[in-house]
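Undergrad: Below is the file final06.txt, with compact mmCIF, C-alpha atoms (C1' of nucleotides).
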```txt
# COMPACT_ATOMS: atom_id res chain seq x y z
CA MET P 1 5.31 -0.55 -18.36
CA SER P 2 5.02 3.24 -18.52
CA LEU P 3 8.67 3.88 -19.19
CA ARG P 4 7.98 3.34 -22.87
CA HIS P 5 5.40 6.13 -22.82
CA GLY P 6 7.48 8.30 -20.55
CA LEU P 7 10.25 8.26 -23.14
CA LEU P 8 7.75 8.93 -25.89
CA GLY P 9 6.43 11.92 -23.94
CA LEU P 10 9.87 13.38 -23.39
CA LEU P 11 10.70 12.92 -27.07
CA ALA P 12 7.46 14.73 -27.97
CA GLU P 13 9.17 17.83 -26.55
CA GLY P 14 12.01 17.49 -29.03
CA PRO P 15 14.78 15.16 -30.21
CA ALA P 16 17.12 13.73 -27.59
CA SER P 17 19.69 11.01 -27.05
CA GLY P 18 19.50 8.13 -24.59
CA TYR P 19 21.98 9.95 -22.43
CA ASP P 20 19.85 13.11 -22.41
CA LEU P 21 16.77 11.09 -21.51
CA ALA P 22 18.58 9.26 -18.71
CA ARG P 23 19.61 12.61 -17.23
CA ARG P 24 16.08 13.98 -17.47
CA PHE P 25 14.74 10.87 -15.76
CA GLU P 26 17.35 11.32 -13.07
CA ASP P 27 16.61 14.88 -11.97
CA LEU P 28 13.10 15.64 -13.20
CA LEU P 29 11.49 12.23 -12.78
CA GLY P 30 13.77 10.53 -10.29
CA ALA P 31 11.26 10.74 -7.44
CA ILE P 32 8.21 9.94 -9.59
CA TRP P 33 9.36 7.32 -12.04
CA PRO P 34 12.96 6.20 -11.57
CA ALA P 35 14.75 4.67 -14.54
CA LYS P 36 18.41 3.83 -15.08
CA HIS P 37 20.26 4.04 -18.35
CA PRO P 38 20.37 0.33 -19.28
CA GLN P 39 16.60 0.17 -19.22
CA ILE P 40 16.28 3.37 -21.22
CA TYR P 41 18.68 2.25 -23.95
CA GLY P 42 16.87 -1.05 -24.26
CA GLU P 43 13.47 0.58 -24.46
CA LEU P 44 14.67 3.04 -27.10
CA ILE P 45 15.71 0.16 -29.34
CA ARG P 46 12.30 -1.46 -28.91
CA LEU P 47 10.50 1.86 -29.58
CA ALA P 48 12.55 2.31 -32.74
CA GLY P 49 11.69 -1.25 -33.80
CA ALA P 50 7.99 -0.44 -33.36
CA GLY P 51 8.38 2.69 -35.49
CA HIS P 52 7.37 5.00 -32.65
CA ILE P 53 10.69 6.80 -32.77
CA ALA P 54 13.52 7.07 -35.31
CA ALA P 55 17.23 7.69 -34.98
CA ALA P 56 17.78 11.19 -36.30
CA ALA P 57 21.40 12.31 -36.22
CA GLU P 58 24.72 10.75 -35.22
CA GLY P 59 26.54 13.29 -33.02
CA PRO P 60 30.16 13.68 -31.84
CA ARG P 61 30.85 10.87 -29.31
CA ARG P 62 28.85 8.32 -31.28
CA ARG P 63 25.83 10.08 -29.78
CA LYS P 64 22.55 8.84 -31.28
CA GLU P 65 19.71 11.33 -31.34
CA TYR P 66 16.13 10.05 -31.57
CA ARG P 67 13.02 11.92 -32.64
CA ILE P 68 9.39 10.91 -32.27
CA THR P 69 7.46 9.80 -35.38
CA ASP P 70 3.82 10.41 -36.22
CA THR P 71 2.83 6.91 -35.14
CA GLY P 72 4.75 7.55 -31.92
CA ARG P 73 2.78 10.73 -31.31
CA ALA P 74 -0.43 8.82 -31.99
CA GLU P 75 0.59 6.10 -29.54
CA LEU P 76 1.37 8.68 -26.87
CA HIS P 77 -2.05 10.23 -27.37
CA ARG P 78 -3.77 6.84 -27.24
CA TRP P 79 -2.01 6.05 -24.00
CA LEU P 80 -2.97 9.36 -22.40
CA VAL P 81 -6.66 9.26 -23.27
CA GLU P 82 -7.50 5.56 -23.60
CA ALA P 83 -5.14 3.37 -21.59
CA PRO P 84 -6.38 2.65 -18.08
CA VAL P 85 -4.45 4.60 -15.46
CA ASP P 86 -2.31 2.54 -13.12
CA HIS P 87 -3.18 3.90 -9.68
CA SER P 88 -0.96 1.58 -7.72
CA VAL P 89 1.62 3.05 -5.39
CA ARG P 90 4.33 1.30 -3.44
CA LEU P 91 5.29 3.20 -0.33
CA GLU P 92 7.73 1.49 1.96
CA PRO P 93 7.31 4.15 4.66
CA LEU P 94 3.60 3.29 4.94
CA LEU P 95 4.33 -0.41 5.05
CA ARG P 96 6.73 0.26 7.91
CA SER P 97 4.12 2.28 9.77
CA LEU P 98 1.92 -0.81 10.15
CA PHE P 99 4.62 -2.30 12.33
CA PHE P 100 5.32 0.73 14.51
CA TRP P 101 3.78 -1.13 17.44
CA THR P 102 6.84 -3.40 17.56
CA ILE P 103 9.33 -0.63 18.38
CA SER P 104 9.80 1.59 21.43
CA PRO P 105 8.35 5.13 21.67
CA GLU P 106 11.86 6.60 21.58
CA GLU P 107 12.78 4.70 18.43
CA LEU P 108 9.49 5.76 16.88
CA THR P 109 9.94 9.45 17.64
CA ASP P 110 13.43 9.30 16.20
CA HIS P 111 12.19 7.61 13.07
CA LEU P 112 9.29 10.02 12.56
CA ASP P 113 11.54 13.04 13.01
CA ARG P 114 13.85 11.82 10.27
CA GLU P 115 10.91 10.96 8.04
CA ALA P 116 9.25 14.35 8.47
CA ALA P 117 12.52 16.12 7.68
CA HIS P 118 13.00 14.04 4.56
CA TRP P 119 9.50 14.68 3.20
CA ARG P 120 9.79 18.37 4.00
CA GLU P 121 13.03 18.60 2.01
CA THR P 122 11.55 16.75 -0.94
CA ALA P 123 8.55 19.08 -0.90
CA ALA P 124 10.94 22.03 -0.97
CA ARG P 125 12.65 20.60 -4.05
CA TYR P 126 9.32 20.40 -5.80
CA ARG P 127 8.57 23.98 -4.76
CA CYS P 128 11.72 24.95 -6.66
CA HIS P 129 10.58 23.00 -9.71
CA ALA P 130 7.24 24.81 -9.45
CA ALA P 131 8.88 28.22 -9.20
CA ALA P 132 11.07 27.42 -12.19
CA ALA P 133 8.04 26.35 -14.22
CA ASP P 134 6.28 29.60 -13.27
CA GLN P 135 9.12 31.59 -14.86
CA ASP P 136 8.54 30.68 -18.46
CA ASP P 137 5.16 29.89 -19.89
CA GLY P 138 3.90 27.89 -22.78
CA PRO P 139 2.00 24.63 -22.59
CA ARG P 140 4.93 22.41 -21.62
CA ALA P 141 5.95 24.64 -18.71
CA ARG P 142 2.35 24.71 -17.51
CA ALA P 143 2.18 20.90 -17.53
CA ALA P 144 5.48 20.76 -15.62
CA ARG P 145 3.94 23.22 -13.16
CA VAL P 146 0.99 20.86 -12.60
CA THR P 147 3.33 17.92 -11.99
CA ALA P 148 5.43 19.96 -9.57
CA GLU P 149 2.29 20.97 -7.69
CA ALA P 150 1.44 17.30 -7.20
CA GLY P 151 4.91 16.73 -5.78
CA VAL P 152 4.56 19.62 -3.35
CA ARG P 153 1.12 18.50 -2.14
CA LEU P 154 2.09 14.85 -1.88
CA TYR P 155 5.28 15.36 0.09
CA GLU P 156 3.78 18.04 2.34
CA ALA P 157 0.97 15.62 3.12
CA LEU P 158 3.49 12.94 4.09
CA ALA P 159 5.49 15.40 6.20
CA ASP P 160 2.31 16.53 7.99
CA TRP P 161 1.39 12.91 8.54
CA ALA P 162 4.74 12.12 10.16
CA GLU P 163 4.34 15.13 12.47
CA TRP P 164 0.78 14.07 13.30
CA ALA P 165 1.89 10.51 14.02
CA LYS P 166 4.15 11.79 16.79
CA GLN P 167 1.13 13.29 18.56
CA ALA P 168 -0.84 10.04 18.46
CA PRO P 169 1.89 7.52 19.16
CA PRO P 170 1.19 3.81 19.05
CA GLY P 171 3.74 2.87 21.74
CA ARG P 172 4.46 -0.74 22.38
CA MET Z 1 12.66 -6.07 -1.34
CA SER Z 2 10.38 -5.12 1.56
CA LEU Z 3 7.93 -7.93 1.00
CA ARG Z 4 10.16 -10.11 3.15
CA HIS Z 5 9.83 -7.68 6.06
CA GLY Z 6 6.16 -7.06 5.39
CA LEU Z 7 5.51 -10.75 5.87
CA LEU Z 8 7.67 -10.79 8.97
CA GLY Z 9 5.67 -7.88 10.37
CA LEU Z 10 2.34 -9.54 9.73
CA LEU Z 11 3.59 -12.74 11.31
CA ALA Z 12 4.69 -10.74 14.36
CA GLU Z 13 0.95 -10.23 15.00
CA GLY Z 14 0.43 -13.98 15.17
CA PRO Z 15 0.77 -17.22 13.22
CA ALA Z 16 -0.72 -17.33 9.73
CA SER Z 17 -0.64 -19.33 6.51
CA GLY Z 18 0.47 -18.13 3.10
CA TYR Z 19 -3.15 -17.94 2.11
CA ASP Z 20 -4.00 -15.75 5.11
CA LEU Z 21 -1.08 -13.46 4.35
CA ALA Z 22 -2.04 -13.18 0.68
CA ARG Z 23 -5.54 -12.10 1.73
CA ARG Z 24 -4.21 -9.54 4.19
CA PHE Z 25 -1.93 -8.14 1.50
CA GLU Z 26 -4.91 -7.96 -0.83
CA ASP Z 27 -7.32 -5.92 1.26
CA LEU Z 28 -5.20 -4.18 3.88
CA LEU Z 29 -2.05 -3.53 1.87
CA GLY Z 30 -3.27 -3.78 -1.71
CA ALA Z 31 -2.98 -0.03 -2.37
CA ILE Z 32 0.28 0.42 -0.44
CA TRP Z 33 2.32 -2.67 -1.18
CA PRO Z 34 0.69 -5.07 -3.66
CA ALA Z 35 1.80 -8.70 -3.56
CA LYS Z 36 0.33 -11.77 -5.24
CA HIS Z 37 0.33 -15.25 -3.83
CA PRO Z 38 3.15 -16.77 -5.91
CA GLN Z 39 5.57 -14.20 -4.60
CA ILE Z 40 4.37 -14.65 -1.04
CA TYR Z 41 4.72 -18.45 -1.07
CA GLY Z 42 8.22 -18.15 -2.48
CA GLU Z 43 9.28 -15.61 0.08
CA LEU Z 44 7.90 -17.71 2.94
CA ILE Z 45 10.10 -20.60 1.88
CA ARG Z 46 13.13 -18.33 1.81
CA LEU Z 47 12.25 -16.82 5.22
CA ALA Z 48 11.91 -20.32 6.67
CA GLY Z 49 15.28 -21.24 5.17
CA ALA Z 50 16.85 -18.22 6.88
CA GLY Z 51 15.30 -19.27 10.19
CA HIS Z 52 13.23 -16.09 10.48
CA ILE Z 53 9.99 -18.06 10.53
CA ALA Z 54 9.09 -21.69 11.15
CA ALA Z 55 6.23 -23.88 9.96
CA ALA Z 56 4.02 -24.36 13.00
CA ALA Z 57 1.01 -26.56 12.35
CA GLU Z 58 -0.36 -28.49 9.36
CA GLY Z 59 -4.07 -27.60 9.11
CA PRO Z 60 -7.05 -29.18 7.32
CA ARG Z 61 -6.57 -28.56 3.57
CA ARG Z 62 -2.83 -29.13 3.69
CA ARG Z 63 -2.72 -25.64 5.18
CA LYS Z 64 0.74 -24.70 6.47
CA GLU Z 65 0.82 -22.25 9.32
CA TYR Z 66 3.96 -20.23 9.95
CA ARG Z 67 5.02 -18.43 13.10
CA ILE Z 68 7.81 -15.89 13.57
CA THR Z 69 10.95 -16.97 15.42
CA ASP Z 70 13.10 -14.91 17.77
CA THR Z 71 15.69 -14.27 15.06
CA GLY Z 72 12.80 -13.22 12.82
CA ARG Z 73 11.61 -10.74 15.42
CA ALA Z 74 15.16 -9.42 15.74
CA GLU Z 75 15.43 -9.04 11.97
CA LEU Z 76 12.13 -7.14 11.85
CA HIS Z 77 13.37 -4.79 14.53
CA ARG Z 78 16.69 -4.31 12.79
CA TRP Z 79 14.88 -3.43 9.57
CA LEU Z 80 12.58 -0.93 11.28
CA VAL Z 81 15.24 0.99 13.17
CA GLU Z 82 18.43 0.51 11.14
CA ALA Z 83 17.70 -0.21 7.49
CA PRO Z 84 17.59 2.92 5.32
CA VAL Z 85 14.05 3.83 4.34
CA ASP Z 86 13.23 3.51 0.66
CA HIS Z 87 11.49 6.79 -0.14
CA SER Z 88 10.96 6.11 -3.82
CA VAL Z 89 7.46 6.24 -5.24
CA ARG Z 90 6.26 5.30 -8.68
CA LEU Z 91 3.17 7.23 -9.63
CA GLU Z 92 1.96 6.76 -13.16
CA PRO Z 93 -0.66 9.53 -12.80
CA LEU Z 94 2.10 12.06 -12.10
CA LEU Z 95 4.15 10.81 -15.02
CA ARG Z 96 1.11 11.31 -17.24
CA SER Z 97 0.61 14.85 -15.94
CA LEU Z 98 3.95 15.90 -17.44
CA PHE Z 99 2.46 15.25 -20.88
CA PHE Z 100 -0.90 16.95 -20.38
CA TRP Z 101 0.21 19.62 -22.84
CA THR Z 102 -0.17 17.12 -25.68
CA ILE Z 103 -3.92 16.58 -25.21
CA SER Z 104 -6.93 18.87 -25.73
CA PRO Z 105 -8.55 20.81 -22.86
CA GLU Z 106 -11.68 18.66 -23.14
CA GLU Z 107 -9.72 15.42 -22.92
CA LEU Z 108 -7.82 16.84 -19.96
CA THR Z 109 -10.94 17.87 -18.04
CA ASP Z 110 -12.43 14.44 -18.63
CA HIS Z 111 -9.30 12.77 -17.41
CA LEU Z 112 -8.97 14.93 -14.31
CA ASP Z 113 -12.61 14.36 -13.37
CA ARG Z 114 -12.12 10.63 -13.43
CA GLU Z 115 -8.86 10.90 -11.52
CA ALA Z 116 -10.35 13.10 -8.80
CA ALA Z 117 -13.26 10.68 -8.38
CA HIS Z 118 -10.91 7.75 -8.09
CA TRP Z 119 -8.67 9.34 -5.47
CA ARG Z 120 -11.71 10.51 -3.50
CA GLU Z 121 -13.06 6.95 -3.39
CA THR Z 122 -9.73 5.54 -2.30
CA ALA Z 123 -9.52 8.16 0.45
CA ALA Z 124 -12.98 7.11 1.61
CA ARG Z 125 -11.85 3.49 1.83
CA TYR Z 126 -8.98 4.53 4.07
CA ARG Z 127 -11.39 6.57 6.20
CA CYS Z 128 -13.25 3.30 6.80
CA HIS Z 129 -10.02 1.54 7.76
CA ALA Z 130 -9.32 4.44 10.15
CA ALA Z 131 -12.78 4.23 11.71
CA ALA Z 132 -12.41 0.48 12.14
CA ALA Z 133 -9.03 0.94 13.81
CA ASP Z 134 -10.55 3.52 16.15
CA GLN Z 135 -13.02 0.92 17.41
CA ASP Z 136 -10.64 -1.36 19.21
CA ASP Z 137 -7.47 -0.19 20.83
CA GLY Z 138 -4.20 -1.76 21.71
CA PRO Z 139 -0.87 -1.07 20.07
CA ARG Z 140 -1.52 -2.91 16.81
CA ALA Z 141 -4.81 -1.10 16.19
CA ARG Z 142 -3.12 2.22 16.88
CA ALA Z 143 -0.39 1.47 14.34
CA ALA Z 144 -3.05 0.50 11.80
CA ARG Z 145 -4.77 3.79 12.59
CA VAL Z 146 -1.57 5.68 11.76
CA THR Z 147 -1.20 3.84 8.44
CA ALA Z 148 -4.84 4.51 7.56
CA GLU Z 149 -4.35 8.20 8.33
CA ALA Z 150 -1.49 8.29 5.83
CA GLY Z 151 -3.78 6.77 3.22
CA VAL Z 152 -6.50 9.33 3.87
CA ARG Z 153 -4.10 12.27 3.70
CA LEU Z 154 -2.28 10.97 0.65
CA TYR Z 155 -5.35 10.25 -1.44
CA GLU Z 156 -7.15 13.43 -0.38
CA ALA Z 157 -4.05 15.37 -1.44
CA LEU Z 158 -4.13 13.71 -4.86
CA ALA Z 159 -7.87 14.35 -5.23
CA ASP Z 160 -7.39 18.01 -4.30
CA TRP Z 161 -4.54 18.22 -6.78
CA ALA Z 162 -6.69 16.86 -9.62
CA GLU Z 163 -9.41 19.41 -8.79
CA TRP Z 164 -6.82 22.19 -8.65
CA ALA Z 165 -5.33 21.14 -11.98
CA LYS Z 166 -8.67 21.79 -13.65
CA GLN Z 167 -8.53 25.43 -12.51
CA ALA Z 168 -5.04 25.98 -13.92
CA PRO Z 169 -5.28 24.04 -17.16
CA PRO Z 170 -2.25 23.63 -19.37
CA GLY Z 171 -4.19 23.60 -22.66
CA ARG Z 172 -2.39 22.76 -25.84
C1' DG M 1 49.27 12.02 -22.05
C1' DA M 2 46.30 11.67 -18.01
C1' DG M 3 41.99 12.19 -16.40
C1' DC M 4 37.32 13.47 -16.67
C1' DG M 5 32.75 13.58 -18.47
C1' DC M 6 30.04 12.17 -22.51
C1' DA M 7 27.89 8.28 -24.54
C1' DT M 8 26.42 3.57 -25.42
C1' DG M 9 25.87 -0.79 -24.55
C1' DT M 10 25.80 -6.15 -22.46
C1' DA M 11 25.15 -9.68 -18.80
C1' DA M 12 23.40 -11.33 -14.79
C1' DA M 13 20.47 -11.26 -11.14
C1' DG M 14 16.45 -9.81 -8.52
C1' DG M 15 11.68 -8.56 -7.94
C1' DG M 16 6.98 -9.12 -9.47
C1' DT M 17 2.85 -10.68 -12.32
C1' DT M 18 0.15 -13.92 -15.09
C1' DA M 19 -1.19 -18.24 -16.34
C1' DC M 20 -1.34 -22.87 -15.38
C1' DA M 21 -1.98 -26.88 -12.39
C1' DT M 22 -3.65 -29.48 -8.59
C1' DG M 23 -5.57 -31.26 -4.34
C1' DA M 24 -8.71 -30.91 -0.17
C1' DT M 25 -12.90 -29.50 2.13
C1' DT M 26 -17.37 -27.60 2.57
C1' DC M 27 -21.90 -26.34 0.90
C1' DT M 28 -26.06 -27.11 -1.80
C1' DA H 1 -22.75 -35.27 -7.30
C1' DG H 2 -21.34 -30.78 -8.51
C1' DA H 3 -19.88 -26.22 -7.38
C1' DA H 4 -17.49 -23.09 -4.68
C1' DT H 5 -13.80 -22.03 -1.77
C1' DC H 6 -9.61 -23.02 0.65
C1' DA H 7 -4.88 -23.85 -0.11
C1' DT H 8 -0.40 -24.47 -2.30
C1' DG H 9 2.65 -24.50 -5.72
C1' DT H 10 5.38 -24.16 -10.67
C1' DA H 11 6.77 -22.01 -15.11
C1' DA H 12 7.26 -18.38 -18.04
C1' DC H 13 7.61 -13.90 -18.74
C1' DC H 14 8.31 -8.90 -17.93
C1' DC H 15 10.34 -4.99 -15.61
C1' DT H 16 14.18 -3.05 -13.20
C1' DT H 17 18.72 -2.66 -11.06
C1' DT H 18 23.71 -3.52 -10.56
C1' DA H 19 27.94 -4.48 -12.33
C1' DC H 20 30.85 -4.76 -16.05
C1' DA H 21 32.85 -3.03 -20.41
C1' DT H 22 34.18 0.18 -23.92
C1' DG H 23 35.13 4.14 -26.84
C1' DC H 24 35.23 9.14 -27.90
C1' DG H 25 36.39 14.02 -27.11
C1' DC H 26 37.80 17.73 -24.26
C1' DT H 27 40.75 20.01 -20.83
C1' DC H 28 44.85 20.59 -18.09
```
Can I see the file as structure tokens?

TA:
Amino acid sequence: MSLRHGLLGLLAEGPASGYDLARRFEDLLGAIWPAKHPQIYGELIRLAGAGHIAAAAEGPRRRKEYRITDTGRAELHRWLVEAPVDHSVRLEPLLRSLFFWTISPEELTDHLDREAAHWRETAARYRCHAAAADQDDGPRARAARVTAEAGVRLYEALADWAEWAKQAPPGR
Amino acid sequence: MSLRHGLLGLLAEGPASGYDLARRFEDLLGAIWPAKHPQIYGELIRLAGAGHIAAAAEGPRRRKEYRITDTGRAELHRWLVEAPVDHSVRLEPLLRSLFFWTISPEELTDHLDREAAHWRETAARYRCHAAAADQDDGPRARAARVTAEAGVRLYEALADWAEWAKQAPPGR
DNA sequence: GAGCGCATGTAAAGGGTTACATGATTCT
DNA sequence: AGAATCATGTAACCCTTTACATGCGCTC
């Protein structure tokens, strides 16, 4: 249930509408913490009910802008320093790898080629994010830089793994 | 919805009961694809309904053993070579890192120390899995070895990242 | 005025966890 | 006899996605 705090964190950067937040989740967070608009709108209503955020202005196309409140900021801080970190991951590609012994060497090589290419591309996207964050500085950009670095390292590691797995193939 | 195929894959190794499968998900797959027993029992019933598995024997403590059927094996193969891979991850620690700019340098250092230690330990656990897989060979052990290698590389990458993040701190 | 993108929502269904409940066997 | 472990299941709830629905404002 980190979406709640993800929204709070984004709103700590400045006021935004549900639509804005959905777009930011799409391109900035899509690979790390996916969230679609129905969930975001629902969570915003609950956050407002809890007093963590407040509707600020009503814009042109019935656009509702939210801003974070002081109790919201406090809750964000509490989450970051006190709440236990959820270290669970869910990686379908690794689950699949356990069953590589059931497919033929040709099918496996094919699969690993496509996987490596995919991870490599994703790593490249994070390299772009990193470069963009390097442009401007200020605390927020530096935090974004740290996140982007994680993306680069993670996806490069997976790409390297897929390449390595071709060397040591568990043929059927 | 890969739990279905995860169970199918484990059953491709040999017959097992829901209890067995829950235990294997706990220690072998816990960090990669968590699944609790209620979900597993439910999915087994659905898999049996689809004809992908069949109840084999009724053991001592009303233990129900399932085995994979030919259509189940075909479905597993179809999934592995045809079904699009789900590359999404959901990493709370990376989501948190985006908001590091809201906490103090001391709080951040503390946090990153604990994170690095955690990832390092997890990597060590996967090194054990890898060593164990190296002991015996055969196709299944080699596939397990490949999965373990992914764990090692992934968690080492995250540990390295946490260490690196301390060097380049995005203080508030 | 037609069509597109902005903007917000609801409903239904699926996936997953937690808590509860129970029975059978083995060990001490 | 009592405790621990094996073994299966149900009910309720939460999180998330997909599909459906609608209205406003801008551009051509």

Undergrad: Give me the residues within 12 Å of DC27 of chain M as a list in words, counting all atoms listed in the file and dropping any in the same chain fewer than 3 places off.

TA: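 These residues fall inside the cut-off: DG2, DA3, DA4 and DT5 of chain H.
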
Undergrad: Taking only C-alpha atoms (C1' of nucleotides) into account, which residues of chain M are within 12 Å of chain Z, as an mmCIF file with C-alpha atoms (C1' of nucleotides), in the coordinates of the input?

TA:
```cif
data_model
loop_
_atom_site.group_PDB
_atom_site.id
_atom_site.type_symbol
_atom_site.label_atom_id
_atom_site.label_comp_id
_atom_site.auth_asym_id
_atom_site.auth_seq_id
_atom_site.Cartn_x
_atom_site.Cartn_y
_atom_site.Cartn_z
ATOM 1 C "C1'" DG M 14 16.450 -9.810 -8.520
ATOM 2 C "C1'" DG M 15 11.680 -8.560 -7.940
ATOM 3 C "C1'" DG M 16 6.980 -9.120 -9.470
ATOM 4 C "C1'" DT M 17 2.850 -10.680 -12.320
ATOM 5 C "C1'" DT M 18 0.150 -13.920 -15.090
ATOM 6 C "C1'" DA M 19 -1.190 -18.240 -16.340
ATOM 7 C "C1'" DG M 23 -5.570 -31.260 -4.340
ATOM 8 C "C1'" DA M 24 -8.710 -30.910 -0.170
ATOM 9 C "C1'" DT M 25 -12.900 -29.500 2.130
ATOM 10 C "C1'" DT M 26 -17.370 -27.600 2.570
#
```

Undergrad: Please identify all residues of chain H having at least one atom at most 8 Å from any atom of chain Z, considering all atoms listed in the file, and return them as a ChimeraX atom specification.

TA: /H:6-9

Undergrad: Grab the atom CA of Arg24 of chain P to atom CA of Leu95 of chain P distance for me, in Å with one decimal place.

TA: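 These two atoms are separated by 29.2 Å.
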
Undergrad: Atom CA of Val85 of chain P to atom CA of Pro93 of chain Z: how many Å, to one decimal?

TA: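 Separation between atom CA of Val85 of chain P and atom CA of Pro93 of chain Z: 6.8 Å.
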
Undergrad: Kindly provide, as an MDAnalysis selection string, the residues of chain P having any atom no farther than 8 Å from an atom of chain Z, counting all atoms listed in the file.

TA: chainID P and resid 2 6 9 29 31:34 77 80:81 85:103 107 111 139:140 142:144 146:147 149:150 153:154 157:158 161 165 169:172

Undergrad: Give me, please, the distance in Å between atom CA of Arg4 of chain P and atom CA of Leu44 of chain P, quoted to one decimal.

TA: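 Separation of atom CA of Arg4 of chain P and atom CA of Leu44 of chain P: 7.9 Å.
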
Undergrad: Could you give me, as a JSON list (two decimals) with C-alpha atoms (C1' of nucleotides), in the coordinates of the input, the residues that have an atom at most 9 Å away from the point (24.0, -9.9, -9.1) in the coordinates of the file, using all atoms listed in the file?

TA:
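Output saved as point.json:
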```
[["chain", "number", "residue", "atom", "x", "y", "z"],
["M", 12, "DA", "C1'", 23.40, -11.33, -14.79],
["M", 13, "DA", "C1'", 20.47, -11.26, -11.14],
["M", 14, "DG", "C1'", 16.45, -9.81, -8.52],
["H", 18, "DT", "C1'", 23.71, -3.52, -10.56],
["H", 19, "DA", "C1'", 27.94, -4.48, -12.33]]
```

Undergrad: Return the padded bounding box of segment 10-23 of chain M as AutoDock Vina command-line options: axis-aligned, built from all atoms listed in the file, 5 Å added on each side, with centre and edge lengths in Å to one decimal.

TA:
```
--center_x 10.1 --center_y -18.7 --center_z -13.4 --size_x 41.4 --size_y 35.1 --size_z 28.1
```
